[in-house]
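Trainee: Before anything else, here's the structure in question.
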Amino acid sequence: MDQMAWEVMATTGRGRSVAAAASLAALVVASFGGATVHVSASAGVVTAQQKQLAYIASTFEENQPQLAQPAALHAYERFARRVVAQANPPVPKWKLLMLADELAARLHDQHAYVMLPTSAKTLPVGFYWASDGIVVVPVPHAPRGLTVGDRVVRVGNLTVADLKRRIADLLNGNAELRRFEAGNDLPDGDFLHALGVVAPDGTVKLTLRRASGKEYTVRPRLLPMREVRTAATARLSAAFAARYLSLDGLPSTDGRAYAWRVVPRQHYGVFWLSQCTPSRELNQSIGRFFAQVEADHIQNVVLDVDFNPGGMGTIVNAFLRYLPMPSAKGYYTLDSFGDTTYLKLPHPATPAVYRGKVYVLTNWGTCSAAVLFADILATNGLATTVGQPTGGNPEATSNPQSFPVPGGSLTVVSANMRLLDSALNQTDSPTLRPEVYAPVTVEDIQRGVNPLDQWAASLVGAAPAGSATRSKMAAKSK
């Protein structure tokens with residue numbers, strides 16, 4: 001995920017120090033600002049890698065709200081000791097990175113992660129994890145014969161089921177976010193080494209299946225990142241997303257994080273929001289969008305936060321100004337010390353309130369403030385959610401801060417606040433599930449079908465919100 005899209009405040013760390021034992025048989029204690037990780041030193045002194053891992057663990061212990069209770073904290077400390085111990089003797093770079101990932105993944109929190117340095121090598125194959133499997137997306141230098149939508153059967157000797165189990169230990173967030181991130185990370189050389197699928201000659205065996213059912217294998221070789229991650233790769237990725245994953249294609253945003261389009265012939269208008277970044281220009285664009293919707297007598301408005309990684313939760317206010325909201329629910333923010341701040345939502349401030357149907361599109365790339373955006377609209381009865389489960393929980397952590405790890409190229413990001421709804425209805429659900437389920441399947445991609453475009457076409461002469469579509473999509477998901 002693009003960390004620049006998160007609301008991250010860079011800091012210098014809060015004066016942490018590392019205390020290392022000199023005794024050969026000593027129990028080494030790495031202490032940072034009150035949080036403590038105990039590391040068994042089996043030889044001489046603690047390795048530099050262990051100090052980095054201990055710093056990451058202690059940062060999470062000090063900040064993460066879910067570790068505020070003693071039982072949860074002690075359980076995490078026991079886990080962290082086992083992870084830190086694996087870096088003595090020193091391990092290869094890819095192993096260190098995966099150990100760092102494990103410390104974050106244990107928290108199951110989209111705002112707790114480790115920024116890793118870019119790998120030197122990558123596989124010249126793109127991957128997308130659809131609702132029911134992984135497909136390949138060709139990139140420059142890809143092996144001949146690859147076709148968009150060919151299903152991944154095995155990576156090395158690992159089946160897709162094996163991959164699901166492995167990524168649960170390596171990638172953070174809920175199951176939806178892990179699949180989204182795994183599609184991005186699967187070509188990564190360090191990640192493939194961590195999975196144990198790189199052959200001695202630097203190749204990776206891929207077993208694939210065409211739409212016809214025929215299986216075949218290719219053995220692409222890891223290549224320097226600069227040869228694969230090019231502008232041409234970005235264009236191919238954008239073209240794939242526009243065709244299969246986005247409503248009505250992807251608009252040209254001219255570098256902005258938003259765009260809109262009104263489609264009178266299909267009776268809907270769509271506003272794309274790729275980041276939750278408030279601005280005066282965004283407010284003006286939202287105003288022009290709703291004015292055009294009113295002028296064209298549009299009865300269906302679609303707010304698209306697919307693949308929106310988040311940002312500022314207050315961005316929803318810019319849209320609420322145009323929606324009927326007589327008694328809106330707010331949100332509480334609880335930090336790890338129990339202090340409470342009430343975030344009040346505004347009442348409509350414009351005379352031109354839109355009273356047609358509103359839909360919010362989500363998928364597993366919808367995280368953080370974007371999930372909050374969808375949840376506020378749905379909770380207040382202002383919109384119907386459509387698409388796929390989100391990559392984050394609306395009652396999630398907030399206020400992530402970044403801490404450079406001393407002695408290395410890693411940065412740990414940790415949140416210190418938690419969002420709860422105004423009724424304090426805490427939930428264990430790790431995702432926001434859409435009311436209208438519109439999955440993108442392997443078969444959809446192989447047939448060149450975009451489920452969201454099909455859903456939008458059903459809005460022509462639509463009955464009450466999603467009635468026919470809901471049953472159609474529900475049948476598809478069974």
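Residues in the structure tokens are named by chain (A, B, ... in the order shown) and by number from 1 within that chain; ligands are numbered from 1 in the order shown.
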Could you name the residues that touch Gln275 in chain A at 6 Å or less, counting only C-alpha atoms, but leaving out those on the same chain fewer than 2 positions away, as a ChimeraX atom specification?

Mentor: /A:257,273,277,308,310

Trainee: Go through range 36-95 of chain A and collect every residue that DSSP, computed from the backbone, puts in helix (DSSP H, G or I); the answer should be as a ChimeraX atom specification.

Mentor: /A:48-63,65-67,70-85,93-95

Trainee: I need the residues from that last selection saved to file as a PDB file, in the first residue's frame (with C-alpha atoms), if you can.

Mentor:
ATOM      1  CA  ALA A  48      22.091  -5.554  15.553  1.00  0.00           C
ATOM      2  CA  GLN A  49      19.153  -7.262  13.876  1.00  0.00           C
ATOM      3  CA  GLN A  50      17.690  -8.228  17.258  1.00  0.00           C
ATOM      4  CA  LYS A  51      17.960  -4.625  18.412  1.00  0.00           C
ATOM      5  CA  GLN A  52      15.971  -3.510  15.363  1.00  0.00           C
ATOM      6  CA  LEU A  53      13.262  -6.128  15.944  1.00  0.00           C
ATOM      7  CA  ALA A  54      13.115  -5.298  19.661  1.00  0.00           C
ATOM      8  CA  TYR A  55      12.633  -1.627  18.813  1.00  0.00           C
ATOM      9  CA  ILE A  56       9.743  -2.494  16.475  1.00  0.00           C
ATOM     10  CA  ALA A  57       8.071  -4.681  19.089  1.00  0.00           C
ATOM     11  CA  SER A  58       8.464  -2.144  21.888  1.00  0.00           C
ATOM     12  CA  THR A  59       7.035   0.627  19.686  1.00  0.00           C
ATOM     13  CA  PHE A  60       3.901  -1.426  19.096  1.00  0.00           C
ATOM     14  CA  GLU A  61       3.671  -2.279  22.813  1.00  0.00           C
ATOM     15  CA  GLU A  62       3.918   1.387  23.721  1.00  0.00           C
ATOM     16  CA  ASN A  63       1.341   2.678  21.250  1.00  0.00           C
ATOM     17  CA  PRO A  65      -4.590   0.441  21.789  1.00  0.00           C
ATOM     18  CA  GLN A  66      -5.256  -3.306  21.547  1.00  0.00           C
ATOM     19  CA  LEU A  67      -2.226  -3.908  23.772  1.00  0.00           C
ATOM     20  CA  PRO A  70      -2.133  -6.461  30.552  1.00  0.00           C
ATOM     21  CA  ALA A  71      -3.179  -9.881  29.248  1.00  0.00           C
ATOM     22  CA  ALA A  72      -2.918  -8.766  25.607  1.00  0.00           C
ATOM     23  CA  LEU A  73       0.380  -6.995  26.255  1.00  0.00           C
ATOM     24  CA  HIS A  74       1.959 -10.008  27.953  1.00  0.00           C
ATOM     25  CA  ALA A  75       0.805 -12.341  25.179  1.00  0.00           C
ATOM     26  CA  TYR A  76       2.368 -10.047  22.588  1.00  0.00           C
ATOM     27  CA  GLU A  77       5.601  -9.794  24.603  1.00  0.00           C
ATOM     28  CA  ARG A  78       5.889 -13.598  24.649  1.00  0.00           C
ATOM     29  CA  PHE A  79       5.346 -13.708  20.906  1.00  0.00           C
ATOM     30  CA  ALA A  80       7.863 -10.893  20.323  1.00  0.00           C
ATOM     31  CA  ARG A  81      10.544 -12.706  22.326  1.00  0.00           C
ATOM     32  CA  ARG A  82      10.218 -15.737  20.051  1.00  0.00           C
ATOM     33  CA  VAL A  83      10.470 -13.576  16.927  1.00  0.00           C
ATOM     34  CA  VAL A  84      13.449 -11.527  18.158  1.00  0.00           C
ATOM     35  CA  ALA A  85      15.326 -14.665  19.190  1.00  0.00           C
ATOM     36  CA  LYS A  93      17.983  -9.626   4.688  1.00  0.00           C
ATOM     37  CA  TRP A  94      14.778 -11.206   3.410  1.00  0.00           C
ATOM     38  CA  LYS A  95      14.393 -13.163   6.651  1.00  0.00           C
TER      39      LYS A  95
END

Trainee: Which of these, A:Thr203, A:Asn88, A:Thr397, A:Asn184, has the shortest distance to Ile134 in chain A once you count only C-alpha atoms?

Mentor: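 Under the stated criterion, the closest residue is A:Asn184.
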
Trainee: Smallest atom-to-atom distance to Phe307 in chain A: which of A:Asp185, A:Glu435, A:Asp190, A:Glu176, using only C-alpha atoms?

Mentor: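 Residue with the minimum atom-to-atom distance to Phe307 in chain A: A:Glu176.
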
Trainee: Please, what distance in Å, to one decimal, runs between CA of Thr411 in chain A and CA of Arg106 in chain A?

Mentor: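 About the pair CA of Thr411 in chain A and CA of Arg106 in chain A: they are 17.1 Å apart.
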
Trainee: Taking 5 positions as the minimum chain separation for residues in the same chain, which residues sit within 7 Å of Val270 in chain A when counting only C-alpha atoms? Answer as a list of chain:residue names.

Mentor: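 Surrounding residues, per the criterion: A:Trp260, A:Arg261, A:Val262, A:Val301, A:Val302, A:Leu303, A:Asp304.
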
Trainee: Residues as selected, C-alpha atoms, written as an mmCIF file, in the first residue's frame, can you do that?

Mentor:
data_model
loop_
_atom_site.group_PDB
_atom_site.id
_atom_site.type_symbol
_atom_site.label_atom_id
_atom_site.label_comp_id
_atom_site.auth_asym_id
_atom_site.auth_seq_id
_atom_site.Cartn_x
_atom_site.Cartn_y
_atom_site.Cartn_z
ATOM 1 C CA TRP A 260 -16.439 12.800 -11.317
ATOM 2 C CA ARG A 261 -18.676 11.958 -14.230
ATOM 3 C CA VAL A 262 -22.424 12.148 -14.816
ATOM 4 C CA VAL A 301 -25.258 8.845 -7.131
ATOM 5 C CA VAL A 302 -22.257 6.533 -6.760
ATOM 6 C CA LEU A 303 -19.397 7.477 -4.429
ATOM 7 C CA ASP A 304 -16.436 5.271 -5.319
#

Trainee: According to DSSP computed on the backbone, where in range 153-210 of chain A is there strand (DSSP E)? Give the residues as a compact mmCIF listing (two decimals) with C-alpha atoms, in the first residue's frame.

Mentor:
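out38.txt, written as the output of this step:
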# COMPACT_ATOMS: atom_id res chain seq x y z
CA VAL A 153 -2.52 -23.07 -9.52
CA ARG A 154 0.81 -23.15 -7.69
CA VAL A 155 3.74 -20.86 -6.95
CA LEU A 158 2.64 -23.88 -2.82
CA THR A 159 -1.03 -24.05 -3.73
CA LEU A 206 4.52 -20.99 -11.82
CA THR A 207 1.79 -23.49 -12.62
CA LEU A 208 -1.08 -21.77 -14.42
CA ARG A 209 -4.45 -22.74 -15.87

Trainee: Between CA of Gly183 in chain A and CA of Tyr113 in chain A, measure the distance and give it in Å to one decimal.

Mentor: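 Interatomic distance here is 17.2 Å.
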
Trainee: Pick the closest to Val386 in chain A from A:Gln266, A:Ser368, A:Asn363, A:Asn399: which is it, counting only C-alpha atoms?

Mentor: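 Looking only at the distances to Val386 in chain A, the closest residue turns out to be A:Asn363.
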